[in-house]
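**Q** Pasting model_15.cif here (mmCIF, C-alpha atoms):
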data_protein
#
loop_
_atom_site.label_atom_id
_atom_site.label_comp_id
_atom_site.auth_asym_id
_atom_site.auth_seq_id
_atom_site.Cartn_x
_atom_site.Cartn_y
_atom_site.Cartn_z
CA MET A 7 -39.72 -9.98 162.84
CA GLN A 8 -41.12 -8.32 159.74
CA ALA A 9 -44.80 -8.08 158.79
CA ILE A 10 -45.48 -9.52 155.33
CA ASP A 11 -48.42 -10.15 153.01
CA LEU A 12 -47.33 -13.15 150.92
CA PHE A 13 -49.82 -15.84 151.87
CA SER A 14 -53.48 -16.57 151.32
CA LEU A 15 -55.76 -19.47 152.14
CA GLU A 16 -58.16 -21.46 150.01
CA GLN A 17 -61.67 -19.99 149.98
CA HIS A 18 -64.49 -22.37 150.88
CA GLN A 19 -68.02 -22.21 149.48
CA GLY A 20 -71.35 -23.30 150.86
CA ASP A 21 -72.52 -23.77 154.41
CA TYR A 22 -69.88 -23.13 157.09
CA ALA A 23 -70.72 -26.46 158.77
CA SER A 24 -69.56 -28.32 155.64
CA TRP A 25 -66.14 -26.66 155.42
CA PRO A 26 -63.05 -28.85 155.93
CA LEU A 27 -60.94 -28.50 159.08
CA SER A 28 -57.97 -27.15 157.08
CA SER A 29 -57.34 -24.89 154.08
CA GLN A 30 -54.73 -25.04 151.37
CA LEU A 31 -51.94 -22.47 151.73
CA PHE A 32 -51.04 -20.24 148.79
CA HIS A 33 -47.72 -18.37 148.56
CA CYS A 34 -47.68 -15.33 146.22
CA GLY A 35 -50.86 -16.68 144.64
CA GLN A 36 -49.36 -20.10 143.91
CA PRO A 37 -50.68 -23.25 145.64
CA THR A 38 -48.41 -25.09 148.04
CA ALA A 39 -48.65 -28.65 149.34
CA THR A 40 -49.39 -27.30 152.82
CA ARG A 41 -52.78 -27.30 154.51
CA LEU A 42 -53.34 -25.20 157.64
CA PRO A 43 -56.12 -24.84 160.20
CA GLY A 44 -58.24 -21.73 159.73
CA TYR A 45 -60.05 -19.89 156.97
CA GLY A 46 -58.36 -16.49 156.99
CA PHE A 47 -55.27 -14.62 158.20
CA GLU A 48 -54.92 -12.32 161.17
CA ALA A 49 -51.20 -11.72 160.57
CA GLN A 50 -48.12 -12.92 158.70
CA TYR A 51 -44.52 -12.38 159.73
CA ARG A 52 -41.10 -13.25 158.33
CA CYS A 53 -38.83 -14.34 161.18
CA ALA A 54 -35.42 -15.95 161.66
CA ALA A 55 -36.99 -19.43 161.91
CA GLY A 56 -39.10 -18.97 158.72
CA TYR A 57 -42.67 -17.68 158.66
CA LEU A 58 -44.98 -17.05 161.60
CA LEU A 59 -48.63 -17.09 160.52
CA ILE A 60 -51.76 -16.39 162.56
CA THR A 61 -54.98 -17.81 161.15
CA HIS A 62 -58.56 -17.63 162.40
CA GLU A 63 -61.66 -19.73 161.96
CA ASP A 64 -64.25 -16.93 162.26
CA CYS A 65 -66.77 -19.44 163.56
CA PRO A 66 -70.30 -18.13 164.19
CA PHE A 67 -70.13 -19.09 167.89
CA GLU A 68 -66.48 -18.75 168.86
CA GLU A 69 -63.28 -17.22 167.61
CA ALA A 70 -60.03 -19.18 167.56
CA ASN A 71 -56.49 -18.30 166.53
CA HIS A 72 -53.88 -20.73 165.28
CA PHE A 73 -50.23 -19.72 165.52
CA LEU A 74 -48.15 -21.57 162.95
CA LEU A 75 -44.40 -21.55 162.41
CA LEU A 76 -43.38 -22.71 158.92
CA ASP A 77 -39.95 -23.25 157.41
CA GLU A 78 -38.81 -21.93 153.99
CA HIS A 79 -40.48 -24.93 152.28
CA PHE A 80 -43.79 -24.25 154.11
CA ARG A 81 -43.45 -27.28 156.38
CA LEU A 82 -45.01 -26.90 159.82
CA LEU A 83 -42.35 -26.53 162.52
CA ALA A 84 -44.53 -25.58 165.49
CA ARG A 85 -48.16 -24.86 166.31
CA GLN A 86 -50.02 -23.25 169.21
CA ASP A 87 -53.77 -22.67 169.38
CA LEU A 88 -55.88 -20.20 171.31
CA ALA A 89 -59.33 -21.76 171.26
CA HIS A 90 -61.87 -22.52 173.96
CA ALA A 91 -65.41 -23.77 173.47
CA TYR A 92 -67.92 -20.90 173.46
CA ALA A 93 -65.20 -18.30 173.97
CA SER A 94 -64.20 -15.52 171.61
CA HIS A 95 -60.62 -14.54 171.09
CA LEU A 96 -60.98 -11.53 168.82
CA LEU A 97 -57.55 -10.20 167.95
CA HIS A 98 -57.55 -6.41 168.02
CA ALA A 99 -53.86 -5.64 167.44
CA HIS A 100 -50.44 -7.27 167.22
CA TRP A 101 -46.87 -6.00 167.01
CA ALA A 102 -43.35 -7.40 167.08
CA ILE A 103 -41.47 -6.88 170.34
CA SER A 104 -38.29 -8.74 169.35
CA PRO A 105 -36.99 -10.91 166.51
CA TRP A 106 -38.48 -13.88 168.38
CA ALA A 107 -41.73 -12.55 169.89
CA LEU A 108 -45.03 -10.80 169.18
CA ARG A 109 -47.39 -9.00 171.47
CA LEU A 110 -51.09 -9.78 170.91
CA HIS A 111 -53.97 -7.62 172.12
CA TYR A 112 -57.34 -9.32 172.28
CA TYR A 113 -60.60 -7.44 172.85
CA GLY A 114 -60.76 -6.03 176.34
CA ASP A 115 -57.42 -5.79 178.08
CA GLN A 116 -56.17 -9.32 177.41
CA ILE A 117 -52.57 -8.92 176.27
CA MET A 118 -50.45 -11.96 175.45
CA THR A 119 -46.93 -12.62 174.25
CA LEU A 120 -46.26 -15.21 171.57
CA SER A 121 -42.64 -16.37 171.62
CA ILE A 122 -40.65 -18.63 169.35
CA ALA A 123 -38.49 -20.72 171.66
CA PRO A 124 -36.04 -23.58 171.15
CA ARG A 125 -37.20 -27.03 172.19
CA ARG A 126 -35.55 -28.56 175.22
CA TRP A 127 -35.26 -32.07 173.76
CA PRO A 128 -33.50 -33.28 170.60
CA TRP A 129 -36.38 -35.06 168.82
CA GLY A 130 -39.06 -33.39 166.72
CA SER A 131 -38.95 -29.77 165.61
CA ARG A 132 -36.27 -27.51 167.05
CA TRP A 133 -38.90 -24.85 167.77
CA ARG A 134 -41.98 -24.40 169.91
CA LEU A 135 -44.47 -21.55 170.20
CA VAL A 136 -45.18 -20.29 173.70
CA LEU A 137 -48.22 -18.15 174.50
CA THR A 138 -48.15 -16.33 177.85
CA PRO A 139 -50.42 -13.65 179.33
CA LEU A 140 -48.81 -10.28 180.00
CA GLU A 141 -49.16 -9.83 183.75
CA GLN A 142 -48.83 -6.04 183.85
CA PRO A 143 -50.06 -4.51 180.58
CA GLU A 144 -49.95 -1.07 182.20
CA ALA A 145 -46.14 -1.34 182.25
CA ASP A 146 -45.99 -1.67 178.43
CA PRO A 147 -46.58 1.66 176.64
CA LEU A 148 -47.64 -0.01 173.37
CA ALA A 149 -50.09 -2.27 175.18
CA GLN A 150 -51.53 0.73 177.02
CA ALA A 151 -51.90 2.67 173.76
CA SER A 152 -53.64 -0.30 172.12
CA ILE A 153 -56.05 -0.67 175.05
CA MET A 154 -56.86 3.06 174.94
CA GLU A 155 -57.40 2.97 171.17
CA LEU A 156 -59.74 -0.02 171.47
CA ASN A 157 -61.72 1.61 174.30
CA GLN A 158 -62.14 4.80 172.25
CA ARG A 159 -63.26 2.79 169.25
CA LEU A 160 -65.81 0.85 171.30
CA ARG A 161 -67.13 4.05 172.93
CA ALA A 162 -67.58 5.61 169.49
CA GLN A 163 -69.47 2.55 168.27
CA ARG A 164 -71.72 2.57 171.35
CA THR A 165 -72.44 6.28 170.85
CA GLU A 166 -73.24 5.70 167.18
CA TYR A 167 -75.51 2.78 168.07
CA GLU A 168 -77.37 4.77 170.73
CA THR A 169 -78.16 7.67 168.37
#
How does the structure come out when it is put into C-alpha coordinates?
**A**
Amino acid sequence: MQAIDLFSLEQHQGDYASWPLSSQLFHCGQPTATRLPGYGFEAQYRCAAGYLLITHEDCPFEEANHFLLLDEHFRLLARQDLAHAYASHLLHAHWAISPWALRLHYYGDQIMTLSIAPRRWPWGSRWRLVLTPLEQPEADPLAQASIMELNQRLRAQRTEYET
(Lines of atoms letter the chains of each structure in order from A and count residues from 1; the text may use other names and numbers.)
(Lines give C-alpha, C1' and ligand atoms only; values in the text may rest on other atoms or scores of the structure.)
Protein backbone atom coordinates (compact mmCIF):
# COMPACT_ATOMS: atom_id res chain seq x y z
CA MET A 1 0.00 0.00 0.00
CA GLN A 2 1.41 3.37 -1.01
CA ALA A 3 0.32 6.75 0.38
CA ILE A 4 -0.76 9.14 -2.39
CA ASP A 5 -2.16 12.66 -2.76
CA LEU A 6 -4.17 12.52 -6.00
CA PHE A 7 -7.72 13.17 -4.85
CA SER A 8 -9.73 16.08 -3.52
CA LEU A 9 -13.38 16.61 -2.66
CA GLU A 10 -15.83 19.31 -3.66
CA GLN A 11 -15.84 22.24 -1.25
CA HIS A 12 -19.23 23.25 0.15
CA GLN A 13 -20.26 26.78 1.07
CA GLY A 14 -22.74 28.13 3.56
CA ASP A 15 -24.13 26.64 6.73
CA TYR A 16 -22.89 23.12 7.54
CA ALA A 17 -26.49 21.95 8.11
CA SER A 18 -27.29 22.67 4.45
CA TRP A 19 -24.41 20.65 2.99
CA PRO A 20 -25.29 17.55 0.92
CA LEU A 21 -24.58 14.06 2.27
CA SER A 22 -21.92 13.44 -0.40
CA SER A 23 -19.20 15.37 -2.23
CA GLN A 24 -17.94 15.12 -5.78
CA LEU A 25 -14.56 13.39 -6.12
CA PHE A 26 -11.76 15.08 -8.07
CA HIS A 27 -8.74 13.17 -9.41
CA CYS A 28 -5.64 15.29 -10.13
CA GLY A 29 -7.88 18.36 -10.07
CA GLN A 30 -10.31 16.97 -12.64
CA PRO A 31 -13.93 16.16 -11.71
CA THR A 32 -15.05 12.55 -11.78
CA ALA A 33 -18.58 11.12 -11.91
CA THR A 34 -18.12 9.75 -8.39
CA ARG A 35 -19.68 11.19 -5.25
CA LEU A 36 -18.42 10.07 -1.83
CA PRO A 37 -19.53 10.59 1.76
CA GLY A 38 -17.46 13.13 3.66
CA TYR A 39 -16.10 16.63 3.21
CA GLY A 40 -12.35 16.10 3.49
CA PHE A 41 -9.62 13.46 3.37
CA GLU A 42 -7.81 11.80 6.24
CA ALA A 43 -5.73 9.57 3.95
CA GLN A 44 -5.36 8.22 0.43
CA TYR A 45 -3.61 5.01 -0.57
CA ARG A 46 -2.88 3.18 -3.82
CA CYS A 47 -3.39 -0.55 -3.28
CA ALA A 48 -3.60 -3.73 -5.35
CA ALA A 49 -7.41 -3.49 -5.53
CA GLY A 50 -7.36 0.20 -6.62
CA TYR A 51 -7.58 3.16 -4.26
CA LEU A 52 -8.31 3.15 -0.54
CA LEU A 53 -9.62 6.53 0.62
CA ILE A 54 -10.48 7.70 4.13
CA THR A 55 -12.83 10.67 4.33
CA HIS A 56 -14.23 12.56 7.30
CA GLU A 57 -17.28 14.69 7.93
CA ASP A 58 -15.79 17.01 10.56
CA CYS A 59 -19.23 17.51 12.05
CA PRO A 60 -19.50 20.01 14.92
CA PHE A 61 -20.83 17.33 17.31
CA GLU A 62 -19.23 14.08 16.16
CA GLU A 63 -16.42 12.83 13.99
CA ALA A 64 -16.94 10.04 11.49
CA ASN A 65 -14.62 8.27 9.07
CA HIS A 66 -15.63 6.59 5.84
CA PHE A 67 -13.33 3.95 4.38
CA LEU A 68 -13.85 3.64 0.63
CA LEU A 69 -12.29 1.22 -1.82
CA LEU A 70 -12.46 2.42 -5.44
CA ASP A 71 -11.41 0.73 -8.66
CA GLU A 72 -9.29 2.34 -11.42
CA HIS A 73 -12.42 4.02 -12.85
CA PHE A 74 -13.35 5.45 -9.41
CA ARG A 75 -16.29 3.09 -8.93
CA LEU A 76 -17.04 2.15 -5.34
CA LEU A 77 -16.05 -1.46 -4.62
CA ALA A 78 -16.45 -1.52 -0.83
CA ARG A 79 -17.32 0.79 2.04
CA GLN A 80 -16.98 0.69 5.82
CA ASP A 81 -17.94 3.48 8.21
CA LEU A 82 -16.78 4.35 11.70
CA ALA A 83 -19.53 6.60 13.00
CA HIS A 84 -21.59 6.61 16.18
CA ALA A 85 -24.03 9.26 17.31
CA TYR A 86 -22.40 11.76 19.68
CA ALA A 87 -19.04 9.98 19.50
CA SER A 88 -15.80 11.35 18.13
CA HIS A 89 -13.44 9.24 16.11
CA LEU A 90 -10.51 11.61 15.64
CA LEU A 91 -7.85 9.91 13.57
CA HIS A 92 -4.41 10.70 14.96
CA ALA A 93 -2.19 8.49 12.76
CA HIS A 94 -2.31 5.75 10.15
CA TRP A 95 0.26 3.51 8.48
CA ALA A 96 0.34 0.56 6.11
CA ILE A 97 1.09 -2.79 7.74
CA SER A 98 0.77 -4.93 4.59
CA PRO A 99 -0.30 -4.55 0.96
CA TRP A 100 -3.85 -5.29 2.16
CA ALA A 101 -4.11 -3.55 5.55
CA LEU A 102 -3.70 -0.28 7.43
CA ARG A 103 -3.30 0.41 11.10
CA LEU A 104 -5.37 3.34 12.42
CA HIS A 105 -4.69 5.18 15.68
CA TYR A 106 -7.57 7.20 17.05
CA TYR A 107 -7.20 9.65 19.93
CA GLY A 108 -6.47 7.86 23.17
CA ASP A 109 -5.21 4.34 22.74
CA GLN A 110 -7.84 3.07 20.30
CA ILE A 111 -5.91 1.21 17.61
CA MET A 112 -7.74 -0.50 14.76
CA THR A 113 -6.80 -2.49 11.68
CA LEU A 114 -8.53 -1.84 8.37
CA SER A 115 -8.19 -4.81 6.02
CA ILE A 116 -9.15 -5.33 2.41
CA ALA A 117 -10.53 -8.86 2.25
CA PRO A 118 -12.12 -10.97 -0.49
CA ARG A 119 -15.86 -11.53 -0.27
CA ARG A 120 -17.04 -15.01 0.59
CA TRP A 121 -19.92 -15.07 -1.91
CA PRO A 122 -19.88 -14.62 -5.70
CA TRP A 123 -22.38 -11.74 -6.10
CA GLY A 124 -21.60 -8.06 -5.64
CA SER A 125 -18.11 -6.65 -5.27
CA ARG A 126 -15.21 -9.05 -4.85
CA TRP A 127 -13.92 -6.98 -1.93
CA ARG A 128 -15.00 -5.96 1.54
CA LEU A 129 -13.41 -3.69 4.13
CA VAL A 130 -13.03 -5.11 7.62
CA LEU A 131 -12.38 -2.89 10.64
CA THR A 132 -11.16 -4.68 13.78
CA PRO A 133 -9.81 -3.35 17.09
CA LEU A 134 -6.22 -4.24 17.90
CA GLU A 135 -6.47 -6.27 21.10
CA GLN A 136 -2.90 -5.74 22.32
CA PRO A 137 -1.53 -2.42 21.05
CA GLU A 138 1.42 -2.78 23.43
CA ALA A 139 2.64 -5.69 21.28
CA ASP A 140 2.94 -3.45 18.19
CA PRO A 141 5.99 -1.15 18.32
CA LEU A 142 4.53 1.35 15.83
CA ALA A 143 1.25 1.52 17.75
CA GLN A 144 3.17 2.08 21.00
CA ALA A 145 5.25 4.84 19.40
CA SER A 146 2.10 6.53 18.07
CA ILE A 147 0.42 6.37 21.49
CA MET A 148 3.51 7.85 23.16
CA GLU A 149 3.75 10.63 20.56
CA LEU A 150 0.07 11.52 21.01
CA ASN A 151 0.39 11.54 24.82
CA GLN A 152 3.43 13.85 24.62
CA ARG A 153 1.58 16.15 22.25
CA LEU A 154 -1.47 16.31 24.52
CA ARG A 155 0.70 16.95 27.60
CA ALA A 156 2.43 19.81 25.78
CA GLN A 157 -0.92 21.32 24.83
CA ARG A 158 -2.21 21.04 28.40
CA THR A 159 0.96 22.69 29.72
CA GLU A 160 0.64 25.49 27.17
CA TYR A 161 -3.03 25.96 28.06
CA GLU A 162 -2.32 26.09 31.80
CA THR A 163 0.35 28.81 31.46
**Q** Between atom CA of Trp25 of chain A and atom CA of Asp77 of chain A, what is the distance in Å, rounded to a tenth?
**A**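 Distance reported for this atom pair: 26.5 Å.
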**Q** Apply the PyMOL selection byres ((chain A and resi 28-39) around 8) to the file shown and report the selected residues as a ChimeraX atom specification.
**A** /A:12-17,26-27,40-45,80
**Q** Which residues come within 12 Å of Leu82 of chain A, counting only C-alpha atoms, excluding same-chain residues fewer than 4 positions away, as a ChimeraX atom specification?
**A** /A:31,39-43,55-59,73-78,86,130-135
**Q** Report the distance between atom CA of Tyr112 of chain A and atom CA of Ala99 of chain A in Å, rounded to one decimal place.
**A** 7.0 Å
**Q** In Å to one decimal, how far is atom CA of His111 of chain A from atom CA of Ser152 of chain A?
**A**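 Those two atoms sit 7.3 Å apart.
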**Q** Can you find the residues with an atom no farther than 12 Å from (-48.4, -13.2, 178.4), counting all atoms listed in the file, and report them as an MDAnalysis selection string?
**A** chainID A and resid 107:112 115:121 136:143 146 149
**Q** Could you tell me which of A:Thr165, A:Trp106, A:Asp11, A:Arg159 comes closest to Ala49 of chain A if we count only C-alpha atoms?
**A**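 Among the listed residues, the smallest separation from Ala49 of chain A belongs to A:Asp11.
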**Q** For each of A:Trp101, A:Asp87, A:Glu69, A:Cys53, take the minimum atom-to-atom distance to Tyr113 of chain A, counting only C-alpha atoms, then give the residue where this is smallest.
**A**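 Using only C-alpha atoms, Tyr113 of chain A sits closest to A:Glu69.
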**Q** Go through A:Arg125, A:Gly114, A:Glu63, A:Gln8 and flag the residue nearest Glu155 of chain A, using all atoms listed in the file for the distances.
**A**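 For Glu155 of chain A, the nearest of the candidates is A:Gly114.
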**Q** To test your reading of the syntax: which residues would the PyMOL selection byres ((chain A and resi 47) around 7) return for the file shown? Reply as a PyMOL selection string.
**A** chain A and resi 46+48-49+60-62
**Q** Emit the selected residues as a PDB file, keeping the file's coordinate frame, including C-alpha atoms.
**A**
ATOM      1  CA  GLY A  46     -58.360 -16.490 156.990  1.00  0.00           C
ATOM      2  CA  GLU A  48     -54.920 -12.320 161.170  1.00  0.00           C
ATOM      3  CA  ALA A  49     -51.200 -11.720 160.570  1.00  0.00           C
ATOM      4  CA  ILE A  60     -51.760 -16.390 162.560  1.00  0.00           C
ATOM      5  CA  THR A  61     -54.980 -17.810 161.150  1.00  0.00           C
ATOM      6  CA  HIS A  62     -58.560 -17.630 162.400  1.00  0.00           C
TER       7      HIS A  62
END
